[in-house]
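Below is target36.pdb, holding PDB, C-alpha atoms and all ligand atoms.
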MODEL        1
ATOM      1  CA  MET A   1     114.663  93.119  68.436  1.00  0.00           C
ATOM      2  CA  ASN A   2     115.611  93.807  72.050  1.00  0.00           C
ATOM      3  CA  SER A   3     112.991  96.474  72.540  1.00  0.00           C
ATOM      4  CA  VAL A   4     110.106  94.580  70.983  1.00  0.00           C
ATOM      5  CA  THR A   5     107.401  93.699  73.463  1.00  0.00           C
ATOM      6  CA  ILE A   6     104.103  91.974  72.953  1.00  0.00           C
ATOM      7  CA  THR A   7     100.792  92.398  74.743  1.00  0.00           C
ATOM      8  CA  PRO A   8      98.390  89.954  76.379  1.00  0.00           C
ATOM      9  CA  SER A   9      96.179  90.516  73.321  1.00  0.00           C
ATOM     10  CA  ASP A  10      98.977  89.257  71.088  1.00  0.00           C
ATOM     11  CA  VAL A  11      99.108  86.110  73.181  1.00  0.00           C
ATOM     12  CA  LEU A  12      95.370  85.664  72.740  1.00  0.00           C
ATOM     13  CA  GLU A  13      95.784  86.118  69.001  1.00  0.00           C
ATOM     14  CA  TYR A  14      98.514  83.496  69.054  1.00  0.00           C
ATOM     15  CA  ASN A  15      96.298  81.109  70.985  1.00  0.00           C
ATOM     16  CA  PHE A  16      93.504  81.711  68.509  1.00  0.00           C
ATOM     17  CA  CYS A  17      95.830  80.933  65.620  1.00  0.00           C
ATOM     18  CA  PRO A  18      99.659  81.219  65.619  1.00  0.00           C
ATOM     19  CA  ARG A  19      99.582  82.631  62.117  1.00  0.00           C
ATOM     20  CA  PHE A  20      98.122  85.885  63.379  1.00  0.00           C
ATOM     21  CA  ILE A  21     101.536  86.691  64.834  1.00  0.00           C
ATOM     22  CA  TYR A  22     103.232  85.980  61.518  1.00  0.00           C
ATOM     23  CA  TYR A  23     100.836  88.128  59.537  1.00  0.00           C
ATOM     24  CA  MET A  24     100.941  90.984  62.037  1.00  0.00           C
ATOM     25  CA  TYR A  25     104.615  91.070  62.980  1.00  0.00           C
ATOM     26  CA  CYS A  26     106.473  89.485  60.054  1.00  0.00           C
ATOM     27  CA  LEU A  27     104.361  90.728  57.162  1.00  0.00           C
ATOM     28  CA  GLY A  28     103.016  93.849  58.859  1.00  0.00           C
ATOM     29  CA  ILE A  29      99.447  93.159  57.797  1.00  0.00           C
ATOM     30  CA  SER A  30      97.088  94.528  60.382  1.00  0.00           C
ATOM     31  CA  GLN A  31      93.769  92.977  61.183  1.00  0.00           C
ATOM     32  CA  HIS A  32      90.510  94.501  60.329  1.00  0.00           C
ATOM     33  CA  GLU A  33      88.434  95.561  63.225  1.00  0.00           C
ATOM     34  CA  GLY A  34      86.343  92.667  64.336  1.00  0.00           C
ATOM     35  CA  GLU A  35      85.515  90.471  67.189  1.00  0.00           C
ATOM     36  CA  ARG A  36      86.530  86.873  66.826  1.00  0.00           C
ATOM     37  CA  TYR A  37      86.317  85.886  70.426  1.00  0.00           C
ATOM     38  CA  LYS A  38      84.705  87.265  73.497  1.00  0.00           C
ATOM     39  CA  VAL A  39      87.394  89.285  75.148  1.00  0.00           C
ATOM     40  CA  VAL A  40      85.448  92.464  75.032  1.00  0.00           C
ATOM     41  CA  LYS A  41      86.546  95.114  77.426  1.00  0.00           C
ATOM     42  CA  GLY A  42      84.109  97.920  76.926  1.00  0.00           C
ATOM     43  CA  ARG A  43      84.720 101.505  77.918  1.00  0.00           C
ATOM     44  CA  GLU A  44      81.896 101.050  80.366  1.00  0.00           C
ATOM     45  CA  VAL A  45      84.068  98.860  82.534  1.00  0.00           C
ATOM     46  CA  HIS A  46      86.072 101.804  83.662  1.00  0.00           C
ATOM     47  CA  ASP A  47      82.990 103.389  85.127  1.00  0.00           C
ATOM     48  CA  TYR A  48      82.638 100.523  87.568  1.00  0.00           C
ATOM     49  CA  LYS A  49      86.137 100.549  88.908  1.00  0.00           C
ATOM     50  CA  SER A  50      85.749 103.170  91.509  1.00  0.00           C
ATOM     51  CA  THR A  51      82.459 101.877  92.815  1.00  0.00           C
ATOM     52  CA  VAL A  52      82.621  98.095  93.144  1.00  0.00           C
ATOM     53  CA  ASN A  53      84.096  95.690  95.630  1.00  0.00           C
ATOM     54  CA  LYS A  54      85.512  98.331  97.844  1.00  0.00           C
ATOM     55  CA  GLY A  55      84.979  96.507 101.094  1.00  0.00           C
ATOM     56  CA  TYR A  56      84.788  92.888 100.029  1.00  0.00           C
ATOM     57  CA  LEU A  57      88.327  92.182  98.905  1.00  0.00           C
ATOM     58  CA  ARG A  58      89.831  94.541 101.410  1.00  0.00           C
ATOM     59  CA  LYS A  59      88.310  92.518 104.264  1.00  0.00           C
ATOM     60  CA  LYS A  60      88.929  89.122 102.731  1.00  0.00           C
ATOM     61  CA  LEU A  61      92.528  89.696 101.743  1.00  0.00           C
ATOM     62  CA  GLU A  62      93.969  92.211 104.193  1.00  0.00           C
ATOM     63  CA  VAL A  63      94.780  94.716 101.503  1.00  0.00           C
ATOM     64  CA  ILE A  64      97.300  97.323 102.580  1.00  0.00           C
ATOM     65  CA  ASP A  65      97.689  99.208  99.316  1.00  0.00           C
ATOM     66  CA  LYS A  66      96.327  99.249  95.806  1.00  0.00           C
ATOM     67  CA  LYS A  67      97.157 100.724  92.452  1.00  0.00           C
ATOM     68  CA  ILE A  68      94.758 101.281  89.572  1.00  0.00           C
ATOM     69  CA  ASN A  69      95.357 101.220  85.818  1.00  0.00           C
ATOM     70  CA  VAL A  70      99.045 100.482  85.951  1.00  0.00           C
ATOM     71  CA  TYR A  71     100.877 100.308  82.638  1.00  0.00           C
ATOM     72  CA  ILE A  72     103.881  98.004  82.844  1.00  0.00           C
ATOM     73  CA  LYS A  73     106.433  97.336  80.158  1.00  0.00           C
ATOM     74  CA  SER A  74     109.126  94.734  80.689  1.00  0.00           C
ATOM     75  CA  GLU A  75     111.924  94.300  78.190  1.00  0.00           C
ATOM     76  CA  LYS A  76     113.108  91.295  80.155  1.00  0.00           C
ATOM     77  CA  LEU A  77     109.758  89.525  79.785  1.00  0.00           C
ATOM     78  CA  ARG A  78     109.236  91.091  76.321  1.00  0.00           C
ATOM     79  CA  LEU A  79     105.740  91.903  77.492  1.00  0.00           C
ATOM     80  CA  ARG A  80     103.700  95.024  78.170  1.00  0.00           C
ATOM     81  CA  GLY A  81     100.188  95.672  79.370  1.00  0.00           C
ATOM     82  CA  GLU A  82      97.884  97.705  81.563  1.00  0.00           C
ATOM     83  CA  VAL A  83      96.738  96.040  84.758  1.00  0.00           C
ATOM     84  CA  ASP A  84      93.304  97.166  85.940  1.00  0.00           C
ATOM     85  CA  GLU A  85      94.050  96.927  89.633  1.00  0.00           C
ATOM     86  CA  ILE A  86      96.827  95.577  91.832  1.00  0.00           C
ATOM     87  CA  LEU A  87      96.108  94.828  95.480  1.00  0.00           C
ATOM     88  CA  PHE A  88      99.104  94.608  97.782  1.00  0.00           C
ATOM     89  CA  LEU A  89      98.488  92.361 100.774  1.00  0.00           C
ATOM     90  CA  LYS A  90      99.741  92.260 104.318  1.00  0.00           C
ATOM     91  CA  ASP A  91     101.588  88.992 103.657  1.00  0.00           C
ATOM     92  CA  GLU A  92     103.725  90.855 101.080  1.00  0.00           C
ATOM     93  CA  THR A  93     102.095  89.186  98.080  1.00  0.00           C
ATOM     94  CA  ALA A  94      99.920  90.938  95.520  1.00  0.00           C
ATOM     95  CA  VAL A  95      96.795  89.960  93.621  1.00  0.00           C
ATOM     96  CA  ILE A  96      95.539  91.054  90.234  1.00  0.00           C
ATOM     97  CA  LEU A  97      92.032  92.380  89.739  1.00  0.00           C
ATOM     98  CA  ASP A  98      90.854  92.287  86.147  1.00  0.00           C
ATOM     99  CA  TYR A  99      87.504  93.715  85.039  1.00  0.00           C
ATOM    100  CA  LYS A 100      85.529  92.168  82.214  1.00  0.00           C
ATOM    101  CA  TYR A 101      82.528  93.778  80.626  1.00  0.00           C
ATOM    102  CA  ALA A 102      80.964  90.346  80.408  1.00  0.00           C
ATOM    103  CA  GLU A 103      78.606  87.941  82.112  1.00  0.00           C
ATOM    104  CA  TYR A 104      79.897  85.080  84.198  1.00  0.00           C
ATOM    105  CA  LYS A 105      78.931  81.860  82.446  1.00  0.00           C
ATOM    106  CA  GLU A 106      79.795  79.293  85.105  1.00  0.00           C
ATOM    107  CA  LYS A 107      82.947  78.651  83.172  1.00  0.00           C
ATOM    108  CA  LEU A 108      86.170  80.539  83.160  1.00  0.00           C
ATOM    109  CA  PHE A 109      87.312  81.184  79.649  1.00  0.00           C
ATOM    110  CA  THR A 110      90.916  80.173  79.174  1.00  0.00           C
ATOM    111  CA  THR A 111      91.579  83.548  77.631  1.00  0.00           C
ATOM    112  CA  TYR A 112      90.761  85.353  80.853  1.00  0.00           C
ATOM    113  CA  LYS A 113      93.162  83.248  82.847  1.00  0.00           C
ATOM    114  CA  THR A 114      95.851  83.649  80.189  1.00  0.00           C
ATOM    115  CA  GLN A 115      95.678  87.395  80.572  1.00  0.00           C
ATOM    116  CA  ILE A 116      95.724  87.311  84.355  1.00  0.00           C
ATOM    117  CA  VAL A 117      98.859  85.158  84.399  1.00  0.00           C
ATOM    118  CA  GLN A 118     100.671  87.600  82.150  1.00  0.00           C
ATOM    119  CA  TYR A 119      99.675  90.501  84.338  1.00  0.00           C
ATOM    120  CA  ALA A 120     100.996  88.507  87.297  1.00  0.00           C
ATOM    121  CA  LEU A 121     104.378  88.171  85.588  1.00  0.00           C
ATOM    122  CA  LEU A 122     104.506  91.901  84.911  1.00  0.00           C
ATOM    123  CA  VAL A 123     103.510  92.846  88.462  1.00  0.00           C
ATOM    124  CA  GLN A 124     105.972  90.416  90.019  1.00  0.00           C
ATOM    125  CA  GLU A 125     108.810  91.939  88.096  1.00  0.00           C
ATOM    126  CA  LYS A 126     107.891  95.578  88.548  1.00  0.00           C
ATOM    127  CA  TYR A 127     107.153  95.434  92.285  1.00  0.00           C
ATOM    128  CA  ASP A 128     109.307  92.459  93.316  1.00  0.00           C
ATOM    129  CA  VAL A 129     106.325  90.730  94.948  1.00  0.00           C
ATOM    130  CA  PHE A 130     104.919  87.232  94.601  1.00  0.00           C
ATOM    131  CA  VAL A 131     101.578  86.971  92.798  1.00  0.00           C
ATOM    132  CA  ASN A 132      99.690  83.716  93.142  1.00  0.00           C
ATOM    133  CA  LYS A 133      96.101  84.858  92.881  1.00  0.00           C
ATOM    134  CA  GLY A 134      93.880  86.971  90.724  1.00  0.00           C
ATOM    135  CA  TYR A 135      90.230  87.967  90.549  1.00  0.00           C
ATOM    136  CA  ILE A 136      88.108  88.523  87.492  1.00  0.00           C
ATOM    137  CA  CYS A 137      85.228  90.900  88.048  1.00  0.00           C
ATOM    138  CA  PHE A 138      82.313  90.210  85.711  1.00  0.00           C
ATOM    139  CA  THR A 139      80.625  93.554  85.550  1.00  0.00           C
ATOM    140  CA  ARG A 140      77.543  92.252  83.763  1.00  0.00           C
ATOM    141  CA  SER A 141      76.920  89.654  86.457  1.00  0.00           C
ATOM    142  CA  ASP A 142      76.487  92.081  89.290  1.00  0.00           C
ATOM    143  CA  ASN A 143      80.263  92.399  89.612  1.00  0.00           C
ATOM    144  CA  TYR A 144      80.711  88.746  90.463  1.00  0.00           C
ATOM    145  CA  LEU A 145      84.312  88.058  91.451  1.00  0.00           C
ATOM    146  CA  HIS A 146      85.869  84.859  90.177  1.00  0.00           C
ATOM    147  CA  GLU A 147      89.000  83.777  91.992  1.00  0.00           C
ATOM    148  CA  VAL A 148      91.873  82.444  89.899  1.00  0.00           C
ATOM    149  CA  ASP A 149      94.854  80.574  91.304  1.00  0.00           C
ATOM    150  CA  ILE A 150      98.062  81.408  89.506  1.00  0.00           C
ATOM    151  CA  LEU A 151     100.411  78.460  89.814  1.00  0.00           C
ATOM    152  CA  LEU A 152     104.096  78.253  89.002  1.00  0.00           C
ATOM    153  CA  GLN A 153     103.322  76.046  86.030  1.00  0.00           C
ATOM    154  CA  ASP A 154     100.881  78.663  84.738  1.00  0.00           C
ATOM    155  CA  LYS A 155     103.651  81.244  84.803  1.00  0.00           C
ATOM    156  CA  GLN A 156     106.101  78.874  83.133  1.00  0.00           C
ATOM    157  CA  LYS A 157     103.548  78.101  80.430  1.00  0.00           C
ATOM    158  CA  ALA A 158     103.060  81.823  79.833  1.00  0.00           C
ATOM    159  CA  LEU A 159     106.833  82.285  79.477  1.00  0.00           C
ATOM    160  CA  ASP A 160     106.997  79.353  77.048  1.00  0.00           C
ATOM    161  CA  VAL A 161     104.254  80.876  74.914  1.00  0.00           C
ATOM    162  CA  ILE A 162     106.141  84.177  74.780  1.00  0.00           C
ATOM    163  CA  ASP A 163     109.203  82.236  73.590  1.00  0.00           C
ATOM    164  CA  GLU A 164     107.127  80.574  70.884  1.00  0.00           C
ATOM    165  CA  ILE A 165     105.768  83.918  69.733  1.00  0.00           C
ATOM    166  CA  PHE A 166     109.229  85.460  69.543  1.00  0.00           C
ATOM    167  CA  ASP A 167     110.451  82.462  67.576  1.00  0.00           C
ATOM    168  CA  ILE A 168     107.914  83.446  64.929  1.00  0.00           C
ATOM    169  CA  ILE A 169     108.756  87.150  65.106  1.00  0.00           C
ATOM    170  CA  VAL A 170     112.553  86.890  65.178  1.00  0.00           C
ATOM    171  CA  ASN A 171     113.069  83.897  62.895  1.00  0.00           C
ATOM    172  CA  GLU A 172     110.086  84.630  60.686  1.00  0.00           C
ATOM    173  CA  THR A 173     108.927  81.082  61.131  1.00  0.00           C
ATOM    174  CA  TYR A 174     105.685  80.429  59.306  1.00  0.00           C
ATOM    175  CA  PRO A 175     103.573  78.661  61.899  1.00  0.00           C
ATOM    176  CA  LYS A 176     101.154  75.830  61.465  1.00  0.00           C
ATOM    177  CA  ALA A 177      97.539  76.768  60.940  1.00  0.00           C
ATOM    178  CA  THR A 178      95.051  76.363  63.726  1.00  0.00           C
ATOM    179  CA  THR A 179      93.612  72.882  63.812  1.00  0.00           C
ATOM    180  CA  SER A 180      90.131  74.335  64.178  1.00  0.00           C
ATOM    181  CA  LYS A 181      88.981  75.048  60.645  1.00  0.00           C
ATOM    182  CA  ALA A 182      85.862  76.730  61.985  1.00  0.00           C
ATOM    183  CA  LYS A 183      88.065  79.632  63.067  1.00  0.00           C
ATOM    184  CA  CYS A 184      89.107  80.223  59.472  1.00  0.00           C
ATOM    185  CA  LEU A 185      85.567  80.955  58.342  1.00  0.00           C
ATOM    186  CA  ASP A 186      85.429  84.502  59.642  1.00  0.00           C
ATOM    187  CA  CYS A 187      89.152  85.123  59.982  1.00  0.00           C
ATOM    188  CA  CYS A 188      90.395  88.435  58.639  1.00  0.00           C
ATOM    189  CA  TYR A 189      93.407  86.712  57.062  1.00  0.00           C
ATOM    190  CA  ARG A 190      91.471  83.962  55.315  1.00  0.00           C
ATOM    191  CA  ASN A 191      92.010  85.438  51.844  1.00  0.00           C
ATOM    192  CA  ILE A 192      95.804  85.425  52.104  1.00  0.00           C
ATOM    193  CA  CYS A 193      96.279  82.416  54.317  1.00  0.00           C
ATOM    194  CA  VAL A 194      97.660  79.226  52.804  1.00  0.00           C
ATOM    195  CA  LYS A 195      95.552  76.547  54.383  1.00  0.00           C
TER     196      LYS A 195
HETATM  197  S1  LIG A 201      92.625  81.571  57.956  1.00  0.00           S
HETATM  198 FE1  LIG A 201      92.686  80.007  59.574  1.00  0.00          FE
HETATM  199  S2  LIG A 201      94.806  79.279  59.601  1.00  0.00           S
HETATM  200 FE2  LIG A 201      94.802  81.228  58.466  1.00  0.00          FE
HETATM  201  S3  LIG A 201      95.244  82.789  59.996  1.00  0.00           S
HETATM  202 FE3  LIG A 201      93.026  82.628  59.888  1.00  0.00          FE
HETATM  203  S4  LIG A 201      92.450  81.163  61.494  1.00  0.00           S
HETATM  204 FE4  LIG A 201      94.655  80.923  61.086  1.00  0.00          FE
ENDMDL
END
Kindly transcribe the structure held in the file into structure tokens.
Amino acid sequence: MNSVTITPSDVLEYNFCPRFIYYMYCLGISQHEGERYKVVKGREVHDYKSTVNKGYLRKKLEVIDKKINVYIKSEKLRLRGEVDEILFLKDETAVILDYKYAEYKEKLFTTYKTQIVQYALLVQEKYDVFVNKGYICFTRSDNYLHEVDILLQDKQKALDVIDEIFDIIVNETYPKATTSKAKCLDCCYRNICVK
């Protein structure tokens, strides 16, 4: 099991319903294609990356270097993922820039923050820098940038969730069902799930 890593998407699946992890990893039953929650990252997003926010963040944050589309795999964290953009700052910290092909709805979806925190963990480990901030760029809201603070407790919570997921994978623990029955209505596992 040492080499098994999960992705931020797996964490979102887990948050949607812990049983997704059991069905995917313990029983090997893949999901059907479908969209159960709005974490759509369209191909179109990539077209924006080279054109938006060039000056804004650079001025605001004293950016000294940046890397784009960085794939990071950490066996220590048991996590892997591709970070849209990493900005390295003069104060020797780094920030995450995550693009969403979505509109800003005056409310930050928990899922977006969850992903950003995991990217922060990956970047911290790979580059040995402190990450305490991220930005979500909503490409369908004129590239509005939403600032996200990444606190120590956010990182600890993310690590705890990874532990919980690996408890299911390694020990084949059958998790409790989501408490939101509405989620079951269009769930791809509803026909095999013992509710
Ligand atoms: S049917 Fe409901 S409890 Fe079962 S996996 Fe789907 S969302 Fe979870």
For ligand LIG 201 (chain A), take all atoms listed in the file, fit an axis-aligned box around them, add 4 Å to each of the six sides, then output centre and edge lengths in Å rounded to one decimal, as JSON.
{"center_x": 93.8, "center_y": 81.0, "center_z": 59.7, "size_x": 10.8, "size_y": 11.5, "size_z": 11.5}
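CA of Leu151 in chain A sits 23.0 Å away from CA of Asp65 in chain A.
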- Query: Quick one: residues within 12 Å of ligand LIG 201 (chain A), with only C-alpha atoms and all ligand atoms, as a VMD selection string?
  - Reply: chain A and resid 13 to 24 29 to 31 36 to 37 174 to 195
- So which residues get picked by the PyMOL selection byres (((chain A and resi 131) around 6) and not hetatm) here, written as a VMD selection string? chain A and resid 93 to 95 120 130 132 to 133
Store the residues picked out above in a file with C-alpha atoms, as a compact mmCIF listing (two decimals), in the coordinates of the input.
# COMPACT_ATOMS: atom_id res chain seq x y z
CA THR A 93 102.10 89.19 98.08
CA ALA A 94 99.92 90.94 95.52
CA VAL A 95 96.80 89.96 93.62
CA ALA A 120 101.00 88.51 87.30
CA PHE A 130 104.92 87.23 94.60
CA ASN A 132 99.69 83.72 93.14
CA LYS A 133 96.10 84.86 92.88
- Using the chain letters and numbers from the file, give me the residues hit by the PyMOL selection byres (((chain A and resi 122) around 8) and not hetatm), as a ChimeraX atom specification. /A:72-74,77,79-81,118-121,123-126
- Message: Assuming the chain letters and numbering stay as they are in my file, what does the PyMOL selection byres (((chain A and resi 112) around 10) and not hetatm) actually select? List them as a ChimeraX atom specification.
- Response: /A:8,12,38-39,98-100,108-111,113-117,136,148
- Task: To one decimal in Å, tell me the separation between CA of Asp10 in chain A and CA of Phe138 in chain A.
- Result: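 Rounded to one decimal, the two atoms are 22.2 Å apart.
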- Message: Please report the interatomic distance between CA of Asp163 in chain A and CA of Gly28 in chain A in Å with one decimal.
- Response: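 So the two atoms, CA of Asp163 in chain A and CA of Gly28 in chain A, lie 19.8 Å apart.
Using all atoms listed in the file, the smallest distance between any of A:Ile68, A:Val129, A:Cys137, A:Leu61 and Glu92 in chain A comes from A:Val129.
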- Message: Ranking A:Tyr25, A:Asn143, A:Arg78, A:Arg58 by minimum distance to Asp160 in chain A and counting all atoms listed in the file, which one comes first?
- Response: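 For Asp160 in chain A, the nearest of the candidates is A:Arg78.
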- So which one's closest to His146 in chain A, A:Val63, A:Glu172, A:Ile96, A:Val70? Using all atoms listed in the file, please.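 Looking at the shortest contact to His146 in chain A, the residue is A:Ile96.
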